[in-house]
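Q: File follows, work19.txt with compact mmCIF, C-alpha atoms:
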```txt
# COMPACT_ATOMS: atom_id res chain seq x y z
CA MET Z 39 141.78 70.78 36.62
CA LEU Z 40 139.56 70.35 39.68
CA VAL Z 41 140.42 67.51 42.03
CA ALA Z 42 138.50 66.46 45.17
CA ARG Z 43 139.80 64.17 47.90
CA GLU Z 44 138.58 62.88 51.24
CA TYR Z 45 140.44 61.87 54.40
CA ARG Z 46 138.97 59.81 57.23
CA SER Z 47 141.37 60.91 59.98
CA VAL Z 48 143.13 64.10 60.98
CA GLU Z 49 146.41 62.19 60.76
CA GLN Z 50 145.78 61.44 57.08
CA ALA Z 51 145.01 65.10 56.44
CA ARG Z 52 148.15 66.16 58.28
CA ARG Z 53 150.29 63.92 56.07
CA ALA Z 54 148.67 65.33 52.94
CA LEU Z 55 149.14 68.91 54.14
CA GLY Z 56 152.75 68.60 55.22
CA SER Z 57 153.60 71.91 56.86
CA ALA Z 58 150.92 73.92 55.04
CA LEU Z 59 148.70 74.43 58.11
CA ASP Z 60 151.45 74.66 60.71
CA ARG Z 61 151.88 77.73 62.92
CA ALA Z 62 154.59 79.29 60.77
CA ARG Z 63 152.33 79.43 57.71
CA THR Z 64 148.87 79.83 59.24
CA PRO Z 65 148.13 83.06 61.14
CA SER Z 66 144.85 81.97 62.75
CA LEU Z 67 144.89 79.46 65.60
CA PHE Z 68 141.51 78.08 64.48
CA ASP Z 69 142.75 77.18 60.98
CA ARG Z 70 145.75 75.13 62.09
CA ILE Z 71 146.00 71.38 61.78
CA ASP Z 72 147.07 71.00 65.41
CA TRP Z 73 143.87 72.82 66.50
CA PHE Z 74 141.68 70.32 64.62
CA GLU Z 75 143.84 67.42 65.74
CA SER Z 76 143.60 68.32 69.42
CA LEU Z 77 139.91 69.23 69.24
CA HIS Z 78 139.06 65.85 67.76
CA ALA Z 79 141.33 63.84 70.05
CA HIS Z 80 140.18 65.44 73.29
CA CYS Z 81 136.59 66.56 72.65
CA PHE Z 82 135.25 64.13 70.01
CA PRO Z 83 137.38 60.99 70.42
CA THR Z 84 134.56 58.57 69.54
CA THR Z 85 133.18 60.55 66.59
CA GLY Z 86 134.51 59.95 63.11
CA VAL Z 87 135.84 62.73 60.91
CA ARG Z 88 135.48 63.39 57.22
CA ILE Z 89 137.95 65.93 55.90
CA PHE Z 90 137.56 67.19 52.35
CA GLN Z 91 140.12 68.78 50.06
CA ALA Z 92 139.49 70.38 46.68
CA LEU Z 93 142.29 71.64 44.45
CA GLU Z 94 142.48 73.78 41.34
CA GLY Z 95 145.94 74.85 40.28
CA GLU Z 96 147.67 76.35 43.31
CA CYS Z 97 144.44 76.98 45.23
CA GLN Z 98 143.06 74.53 47.77
CA ALA Z 99 139.98 74.40 50.01
CA TRP Z 100 139.74 72.21 53.11
CA LEU Z 101 136.61 71.42 55.12
CA PHE Z 102 137.14 69.76 58.51
CA LEU Z 103 133.93 67.95 59.44
CA LEU Z 104 132.67 65.48 62.01
CA SER Z 105 130.53 62.48 61.10
CA PRO Z 106 128.23 62.07 64.14
CA GLY Z 107 125.77 59.74 62.43
CA ALA Z 108 124.82 58.05 59.20
CA GLY Z 109 124.27 60.65 56.50
CA ARG Z 110 125.02 63.57 58.79
CA LEU Z 111 128.03 65.88 58.93
CA SER Z 112 128.87 68.73 61.33
CA ALA Z 113 131.64 71.29 61.65
CA LEU Z 114 134.66 70.03 63.59
CA ALA Z 115 134.14 72.72 66.21
CA ASN Z 116 132.78 73.36 69.69
CA TRP Z 117 132.38 76.27 72.15
CA TYR Z 118 136.14 76.86 72.10
CA SER Z 119 136.02 77.54 68.36
CA PHE Z 120 135.58 81.27 67.83
CA ASP Z 121 134.80 80.73 64.14
CA TRP Z 122 134.50 77.78 61.75
CA ARG Z 123 135.16 78.22 58.06
CA PRO Z 124 136.77 76.52 55.08
CA VAL Z 125 140.54 76.71 55.22
CA PHE Z 126 142.07 77.98 51.98
CA LEU Z 127 145.60 77.67 50.67
CA GLY Z 128 147.11 79.44 47.70
CA PRO Z 129 146.00 82.58 45.84
CA SER Z 130 143.03 84.42 47.33
CA ASP Z 131 140.81 84.33 44.23
CA GLU Z 132 137.27 84.46 45.65
CA SER Z 133 135.62 82.90 42.59
CA VAL Z 134 138.05 79.96 42.63
CA ARG Z 135 137.55 79.45 46.37
CA ARG Z 136 133.77 79.45 45.95
CA ARG Z 137 134.06 76.92 43.13
CA LEU Z 138 136.24 74.64 45.25
CA VAL Z 139 133.71 74.62 48.09
CA GLU Z 140 130.95 73.96 45.57
CA VAL Z 141 132.84 70.91 44.28
CA ILE Z 142 133.07 69.54 47.82
CA ALA Z 143 129.37 70.26 48.39
CA GLN Z 144 128.48 68.38 45.20
CA SER Z 145 130.48 65.37 46.32
CA LEU Z 146 128.64 65.32 49.65
CA LEU Z 147 125.28 64.86 47.90
CA THR Z 148 126.18 61.25 47.09
CA ASP Z 149 126.11 59.96 50.68
CA SER Z 150 125.04 62.77 53.02
CA ALA Z 151 121.54 63.89 53.99
CA GLN Z 152 122.32 66.82 56.26
CA VAL Z 153 125.26 69.13 57.05
CA ASP Z 154 125.27 71.62 59.92
CA LEU Z 155 127.98 74.20 60.43
CA TYR Z 156 128.44 76.36 63.55
CA PRO Z 157 129.82 78.85 64.51
CA VAL Z 158 130.15 80.64 61.16
CA THR Z 159 130.75 84.36 60.68
CA SER Z 160 132.38 85.93 57.62
CA ALA Z 161 132.20 82.78 55.49
CA SER Z 162 128.42 82.33 55.77
CA ASP Z 163 127.50 84.03 52.47
CA MET Z 164 130.08 82.09 50.49
CA LEU Z 165 129.10 78.75 52.06
CA LEU Z 166 125.40 79.36 51.46
CA ASP Z 167 126.01 80.26 47.83
CA ALA Z 168 128.34 77.30 47.17
CA PHE Z 169 126.05 74.71 48.74
CA ARG Z 170 122.95 76.11 47.03
CA ARG Z 171 124.69 76.01 43.66
CA ALA Z 172 125.64 72.41 44.37
CA GLY Z 173 121.97 71.52 44.92
CA TRP Z 174 121.49 71.67 48.69
CA PHE Z 175 118.51 73.26 50.44
CA SER Z 176 120.06 75.80 52.82
CA VAL Z 177 118.97 77.55 56.00
CA ARG Z 178 120.90 80.21 57.92
CA ARG Z 179 120.00 81.08 61.52
CA PRO Z 180 121.65 83.61 63.87
CA MET Z 181 122.72 81.84 67.05
CA GLY Z 182 124.53 84.10 69.45
CA GLY Z 183 127.40 86.50 69.02
CA ARG Z 184 131.13 87.02 69.21
CA HIS Z 185 132.42 90.11 71.03
CA ILE Z 186 135.45 91.94 69.67
CA LEU Z 187 137.50 95.01 70.55
CA HIS Z 188 139.57 96.92 67.99
CA LEU Z 189 142.03 99.23 69.75
CA ASN Z 190 142.82 101.45 66.76
CA GLY Z 191 146.08 102.56 68.36
CA ARG Z 192 144.67 103.37 71.80
CA THR Z 193 146.66 102.88 74.98
CA PHE Z 194 145.02 101.10 77.88
CA ASP Z 195 144.32 104.42 79.65
CA GLU Z 196 142.60 105.77 76.54
CA TYR Z 197 140.57 102.58 76.15
CA TRP Z 198 139.70 102.50 79.87
CA ALA Z 199 138.46 106.09 79.86
CA GLN Z 200 135.82 104.99 77.33
CA ARG Z 201 134.46 102.10 79.40
CA PRO Z 202 131.05 102.40 81.06
CA GLY Z 203 131.13 104.31 84.32
CA ARG Z 204 129.71 101.37 86.27
CA LEU Z 205 132.66 99.17 85.25
CA ARG Z 206 135.30 101.81 86.05
CA THR Z 207 133.63 102.50 89.40
CA LEU Z 208 133.47 98.80 90.24
CA ILE Z 209 137.16 98.23 89.48
CA ALA Z 210 138.25 101.35 91.38
CA ARG Z 211 136.21 100.33 94.43
CA LYS Z 212 137.32 96.71 94.44
CA LYS Z 213 140.98 97.62 93.92
CA ARG Z 214 140.95 99.84 97.00
CA ALA Z 215 139.79 96.93 99.16
CA SER Z 216 141.62 94.18 97.31
CA ARG Z 217 143.93 91.74 99.04
CA PHE Z 218 144.53 89.75 95.85
CA THR Z 219 147.90 89.26 94.19
CA LEU Z 220 147.64 89.31 90.39
CA SER Z 221 150.10 87.60 88.05
CA ILE Z 222 150.34 86.74 84.35
CA ALA Z 223 152.55 83.86 83.14
CA ASP Z 224 153.63 83.14 79.58
CA ARG Z 225 155.12 79.72 80.34
CA LEU Z 226 153.16 76.78 81.68
CA THR Z 227 154.46 74.74 84.61
CA GLU Z 228 152.96 71.74 86.40
CA ALA Z 229 152.35 73.89 89.48
CA LEU Z 230 150.53 76.56 87.48
CA TRP Z 231 148.34 73.97 85.82
CA ARG Z 232 147.44 72.43 89.18
CA ASP Z 233 146.38 75.88 90.34
CA TYR Z 234 144.41 76.42 87.15
CA ALA Z 235 142.59 73.09 87.54
CA ALA Z 236 141.87 73.86 91.21
CA VAL Z 237 140.08 77.08 90.28
CA GLN Z 238 138.11 75.25 87.58
CA GLU Z 239 136.93 72.79 90.23
CA ARG Z 240 135.49 75.62 92.32
CA SER Z 241 134.26 77.71 89.42
CA TRP Z 242 130.86 79.35 89.23
CA LYS Z 243 130.52 77.70 85.82
CA LYS Z 244 129.81 74.04 85.17
CA PRO Z 245 132.74 71.68 85.81
CA GLU Z 246 135.19 71.80 82.92
CA ALA Z 247 134.62 68.71 80.79
CA ASP Z 248 137.48 69.39 78.41
CA LEU Z 249 140.33 70.10 80.79
CA ARG Z 250 142.71 67.88 78.79
CA PHE Z 251 141.97 69.89 75.67
CA LEU Z 252 142.68 73.15 77.49
CA HIS Z 253 145.89 71.71 78.93
CA ALA Z 254 147.07 70.69 75.46
CA LEU Z 255 146.22 74.18 74.15
CA ALA Z 256 148.03 75.89 77.02
CA GLN Z 257 151.10 73.70 76.55
CA ARG Z 258 151.30 74.32 72.79
CA GLU Z 259 150.92 78.05 73.23
CA SER Z 260 153.39 78.08 76.12
CA ASP Z 261 155.96 76.39 73.89
CA ALA Z 262 155.32 79.06 71.26
CA GLY Z 263 155.47 81.94 73.75
CA THR Z 264 151.91 83.05 73.03
CA LEU Z 265 150.28 81.91 76.29
CA ARG Z 266 149.00 84.43 78.83
CA LEU Z 267 147.79 82.58 81.93
CA GLY Z 268 146.50 84.96 84.57
CA PHE Z 269 145.83 84.35 88.26
CA ALA Z 270 144.31 86.21 91.17
CA ARG Z 271 145.51 84.76 94.50
CA LEU Z 272 144.63 85.36 98.11
CA GLU Z 273 147.49 84.47 100.47
CA GLY Z 274 148.83 82.14 97.81
CA GLN Z 275 145.53 80.40 97.09
CA PRO Z 276 144.37 80.76 93.44
CA VAL Z 277 140.85 82.17 93.34
CA ALA Z 278 140.49 83.31 89.73
CA THR Z 279 142.18 82.46 86.47
CA GLN Z 280 142.07 83.39 82.79
CA LEU Z 281 143.54 81.63 79.77
CA TRP Z 282 144.44 83.94 76.89
CA THR Z 283 146.70 83.64 73.88
CA VAL Z 284 148.37 86.57 72.11
CA GLU Z 285 149.63 86.25 68.57
CA ASN Z 286 149.82 88.25 65.33
CA GLY Z 287 148.38 91.36 66.98
CA THR Z 288 145.33 89.58 68.39
CA ALA Z 289 144.53 88.48 71.94
CA LEU Z 290 142.08 85.58 72.24
CA ILE Z 291 140.23 85.07 75.53
CA HIS Z 292 139.67 81.33 75.75
CA LYS Z 293 138.52 80.66 79.30
CA LEU Z 294 137.61 82.50 82.50
CA ALA Z 295 136.95 80.95 85.90
CA HIS Z 296 136.82 82.05 89.51
CA ASP Z 297 136.05 80.52 92.88
CA GLN Z 298 132.45 81.47 93.62
CA ALA Z 299 133.25 81.75 97.33
CA PHE Z 300 134.96 85.08 96.50
CA ASP Z 301 132.23 86.59 94.32
CA GLY Z 302 131.81 89.62 96.53
CA ALA Z 303 135.42 90.72 96.06
CA SER Z 304 135.31 90.42 92.23
CA PRO Z 305 138.70 88.75 91.68
CA GLY Z 306 137.71 87.88 88.11
CA SER Z 307 136.99 91.50 87.21
CA LEU Z 308 140.25 92.68 88.79
CA LEU Z 309 142.13 90.02 86.86
CA SER Z 310 140.41 91.06 83.62
CA HIS Z 311 141.61 94.64 84.24
CA ALA Z 312 145.17 93.36 84.59
CA MET Z 313 144.92 91.08 81.54
CA PHE Z 314 143.55 93.84 79.31
CA THR Z 315 146.25 96.22 80.55
CA HIS Z 316 148.98 93.70 79.76
CA ALA Z 317 147.60 92.83 76.31
CA ILE Z 318 147.20 96.46 75.27
CA ASP Z 319 150.24 98.17 76.79
CA GLN Z 320 152.79 95.34 76.83
CA ASP Z 321 151.77 93.01 74.03
CA HIS Z 322 150.52 95.95 71.94
CA VAL Z 323 147.67 93.99 70.40
CA ALA Z 324 145.40 95.59 67.84
CA THR Z 325 142.41 93.34 68.57
CA ILE Z 326 140.98 91.49 71.56
CA ASP Z 327 138.47 88.72 70.84
CA TYR Z 328 136.19 87.51 73.66
CA GLY Z 329 135.00 84.53 71.65
CA THR Z 330 131.55 83.03 71.43
CA GLY Z 331 128.72 83.75 73.84
CA ASP Z 332 126.51 86.72 74.65
CA ASN Z 333 127.39 86.95 78.35
CA GLY Z 334 126.29 90.34 79.63
CA TYR Z 335 129.63 91.22 81.22
CA LYS Z 336 131.37 91.15 77.83
CA THR Z 337 129.61 94.26 76.57
CA ASP Z 338 131.27 96.43 79.22
CA TRP Z 339 134.72 95.39 78.04
CA MET Z 340 134.16 95.12 74.31
CA GLU Z 341 132.80 97.43 71.63
CA GLU Z 342 131.63 95.28 68.70
CA ARG Z 343 129.43 92.24 68.32
CA GLU Z 344 129.65 89.89 65.35
CA THR Z 345 126.69 87.58 64.71
CA LEU Z 346 127.35 83.85 64.81
CA TYR Z 347 125.35 81.76 62.35
CA ARG Z 348 124.34 78.14 62.18
CA LEU Z 349 124.10 76.90 58.61
CA ASP Z 350 121.97 73.83 57.90
CA PHE Z 351 122.12 72.12 54.54
CA PHE Z 352 119.59 69.46 53.52
CA ASN Z 353 119.91 67.05 50.62
CA PRO Z 354 116.62 67.37 48.66
CA ARG Z 355 117.16 63.92 47.17
CA ARG Z 356 116.48 62.40 50.60
CA ALA Z 357 112.77 62.41 51.44
CA SER Z 358 113.57 61.71 55.09
CA ILE Z 359 114.98 65.21 55.58
CA TRP Z 360 112.09 67.18 54.06
CA LEU Z 361 110.34 67.57 57.41
CA PRO Z 362 113.52 68.57 59.35
CA ALA Z 363 114.33 71.01 56.53
CA ALA Z 364 110.87 72.58 56.77
CA ARG Z 365 111.19 72.89 60.54
CA ALA Z 366 114.61 74.55 60.20
CA ALA Z 367 113.25 77.00 57.63
CA ILE Z 368 110.31 77.91 59.88
CA SER Z 369 112.66 78.33 62.82
CA ALA Z 370 114.81 80.72 60.77
CA LEU Z 371 111.75 82.79 59.85
CA VAL Z 372 110.47 82.91 63.43
CA GLY Z 373 113.93 83.78 64.77
```
Mind turning this structure into structure tokens?
A:
Amino acid sequence: MLVAREYRSVEQARRALGSALDRARTPSLFDRIDWFESLHAHCFPTTGVRIFQALEGECQAWLFLLSPGAGRLSALANWYSFDWRPVFLGPSDESVRRRLVEVIAQSLLTDSAQVDLYPVTSASDMLLDAFRRAGWFSVRRPMGGRHILHLNGRTFDEYWAQRPGRLRTLIARKKRASRFTLSIADRLTEALWRDYAAVQERSWKKPEADLRFLHALAQRESDAGTLRLGFARLEGQPVATQLWTVENGTALIHKLAHDQAFDGASPGSLLSHAMFTHAIDQDHVATIDYGTGDNGYKTDWMEERETLYRLDFFNPRRASIWLPAARAAISALVG
């Protein structure tokens, strides 16, 4: 028998789940209840959530969504989310999973006009099919990429020999002149976090708006032993930092920053070289994931690009969304 339920807070969903989406039972960081809990608390504290569960036998589907406005739903995700998708529990029967998502999509027709989901990768076909079957008008648009490296058993030296010559030359030249001290910590301390925040303040990127979210992430992963927090220092002063996590054979690169006053000496690139070396030869990862964004520098370090999609679903029963739906469809064709 199919059953559908809705929860209006992450806390309610956590109680219903019990330990089902805890670290011990959920391999992917981005599927865990504490990921959604922290993301909502720190990045979307004033936005409501609507979390949907559908069950059939031992199989469950969960959709974690934000409710940013009347009749509108969005993925509970932001630029720190490498991928958003339904979270499934139980047997991996694809037809049952698709049916469960379709049941949720049907229930959304009663009070929702528009649903947008981003970033979506491998689940895009299934989501499109389920929502269309439920009666939604659907549009899929490519919006950026996710850069991934599969080591396939290579050592760091073997991987490095296959990097572009310009990158290997840059690192060799900068290392010869470098006065930086490089370090990688797997446990977070107050002093390390102060140093991390100090680099963020002087970063070449925009000021970090979600520092509390990153701190919570670093602390959780430190407690679990999966944190890799790298620093480049000059005479003790932190000038570049990188926040990675390493778990289940995969290294995730969450955040890079460096003090722009030291651009000419490339402390960030030297730190990347050290972080990749550590992940490959000491942590023995099979995959390194650079996350969302098509920054040019990523292509030198990585070998594959996965397209990120935005999925827009429009309720055809609502006349008010016909024009936005038409615009989205035209945008998808033009893109």
Q: Check the smallest atom-to-atom distance from each of Z:Thr315, Z:Thr345, Z:Asn353, Z:Ser105 to Tyr197 (chain Z) using all atoms listed in the file, then report the winner.
A: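 Distance minimum relative to Tyr197 (chain Z) lands on Z:Thr315.
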Q: Just the residues within 7 Å of Gln91 (chain Z), please, counting all atoms listed in the file, with nothing from its chain fewer than 2 positions along; format it as a count of residues only.
A: 9
Q: Anything within 6 Å of (156.7, 76.6, 76.8): list those residues as a PyMOL selection string, counting only C-alpha atoms and sticking to the file's coordinates.
A: chain Z and resi 225+260-261
Q: So that I can see what lies close to Ala108 (chain Z), please list as a ChimeraX atom specification the residues with an atom at most 12 Å from it, counting only C-alpha atoms and leaving out residues fewer than 4 positions away in the same chain.
A: /Z:85-86,104,112,149-153
Q: For each of Z:Glu132, Z:Glu75, Z:Asp154, Z:Asp69, take the minimum atom-to-atom distance to Asp350 (chain Z), counting all atoms listed in the file, then give the residue where this is smallest.
A: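 Of Z:Glu132, Z:Glu75, Z:Asp154, Z:Asp69, the one nearest Asp350 (chain Z) is Z:Asp154, counting all atoms listed in the file.
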Q: Using all atoms listed in the file, which residues sit within 7 Å of region 175-182 of chain Z once same-chain residues fewer than 3 positions away are excluded, as a ChimeraX atom specification?
A: /Z:166,170,331-332,345-354,366-367,370
Q: Restricting the calculation to all atoms listed in the file, which member of Z:Arg110, Z:Arg240, Z:Arg271, Z:His322 is positioned closest to Glu285 (chain Z)?
A: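 Of Z:Arg110, Z:Arg240, Z:Arg271, Z:His322, the one nearest Glu285 (chain Z), counting all atoms listed in the file, is Z:His322.
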Q: Which value, in Å to one decimal, gives the distance between CA of Arg204 (chain Z) and CA of Tyr328 (chain Z)?
A: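 Between these atoms lies a distance of 19.8 Å.
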Q: Could you please determine the separation between CA of Ser47 (chain Z) and CA of Val87 (chain Z) in Å, to one decimal place?
A: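 CA of Val87 (chain Z) lies at a distance of 5.9 Å from CA of Ser47 (chain Z).
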Q: Report, as lines of an AutoDock Vina configuration file, the centre and edge lengths in Å (one decimal) of the axis-aligned box enclosing every listed atom of region 48-55 of chain Z, padded by 6 Å on each side.
A:
```
center_x = 146.7
center_y = 65.2
center_z = 57.0
size_x = 19.2
size_y = 19.5
size_z = 20.0
```
Q: As an exercise, work out the distance from CA of Ala295 (chain Z) to CA of Gln200 (chain Z) in Å and give it to one decimal place.
A: 25.5 Å
Q: Could you tell me which of Z:Lys212, Z:Arg136, Z:Arg184, Z:Arg201 comes closest to Arg171 (chain Z) if we count only C-alpha atoms?
A: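 Closest to Arg171 (chain Z) of all the choices is Z:Arg136.
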Q: Name the closest residue to Arg355 (chain Z) among the candidates Z:Trp282, Z:Trp174, Z:Phe102, Z:Trp231; distances are taken between atoms, counting all atoms listed in the file.
A: Z:Trp174
Q: Mind dumping a table of every region 109-216 of chain Z residue within 9 Å of region 304-310 of chain Z, with the nearest atom pair and its distance in Å to one decimal, using all atoms listed in the file, sorted by chain and rising number, as CSV?
A:
```
residue,atom,partner,partner_atom,distance
Z:Leu208,CA,Z:Ser307,CA,8.7
Z:Ile209,CA,Z:Leu308,CA,6.4
Z:Lys212,CA,Z:Ser304,CA,7.0
Z:Lys213,CA,Z:Leu308,CA,7.2
Z:Ser216,CA,Z:Pro305,CA,8.3
```
Q: Residues of the last selection are to be written out with C-alpha atoms, as a PDB file, keeping the file's coordinate frame.
A:
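Okay, this is what ended up in part-v4.pdb:
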```
ATOM      1  CA  LEU Z 208     133.470  98.800  90.240  1.00  0.00           C
ATOM      2  CA  ILE Z 209     137.160  98.230  89.480  1.00  0.00           C
ATOM      3  CA  LYS Z 212     137.320  96.710  94.440  1.00  0.00           C
ATOM      4  CA  LYS Z 213     140.980  97.620  93.920  1.00  0.00           C
ATOM      5  CA  SER Z 216     141.620  94.180  97.310  1.00  0.00           C
TER       6      SER Z 216
END
```
Q: Give me the residues within 9 Å of Leu205 (chain Z) as a list in words, counting all atoms listed in the file and dropping any in the same chain fewer than 5 places off.
A: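 Here the qualifying residues turn out to be Ala210, Asp338 and Trp339 of chain Z.
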Q: Smallest atom-to-atom distance to Met313 (chain Z): which of Z:Thr283, Z:Thr330, Z:Gln257, Z:Gln298, using only C-alpha atoms?
A: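 Closest to Met313 (chain Z), using only C-alpha atoms: Z:Thr283.
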Q: Excluding same-chain residues fewer than 6 positions from Tyr118 (chain Z), what lies within 9 Å of it counting all atoms listed in the file, as JSON, numbers by chain?
A: {"Z": [77, 292, 293, 329, 330]}
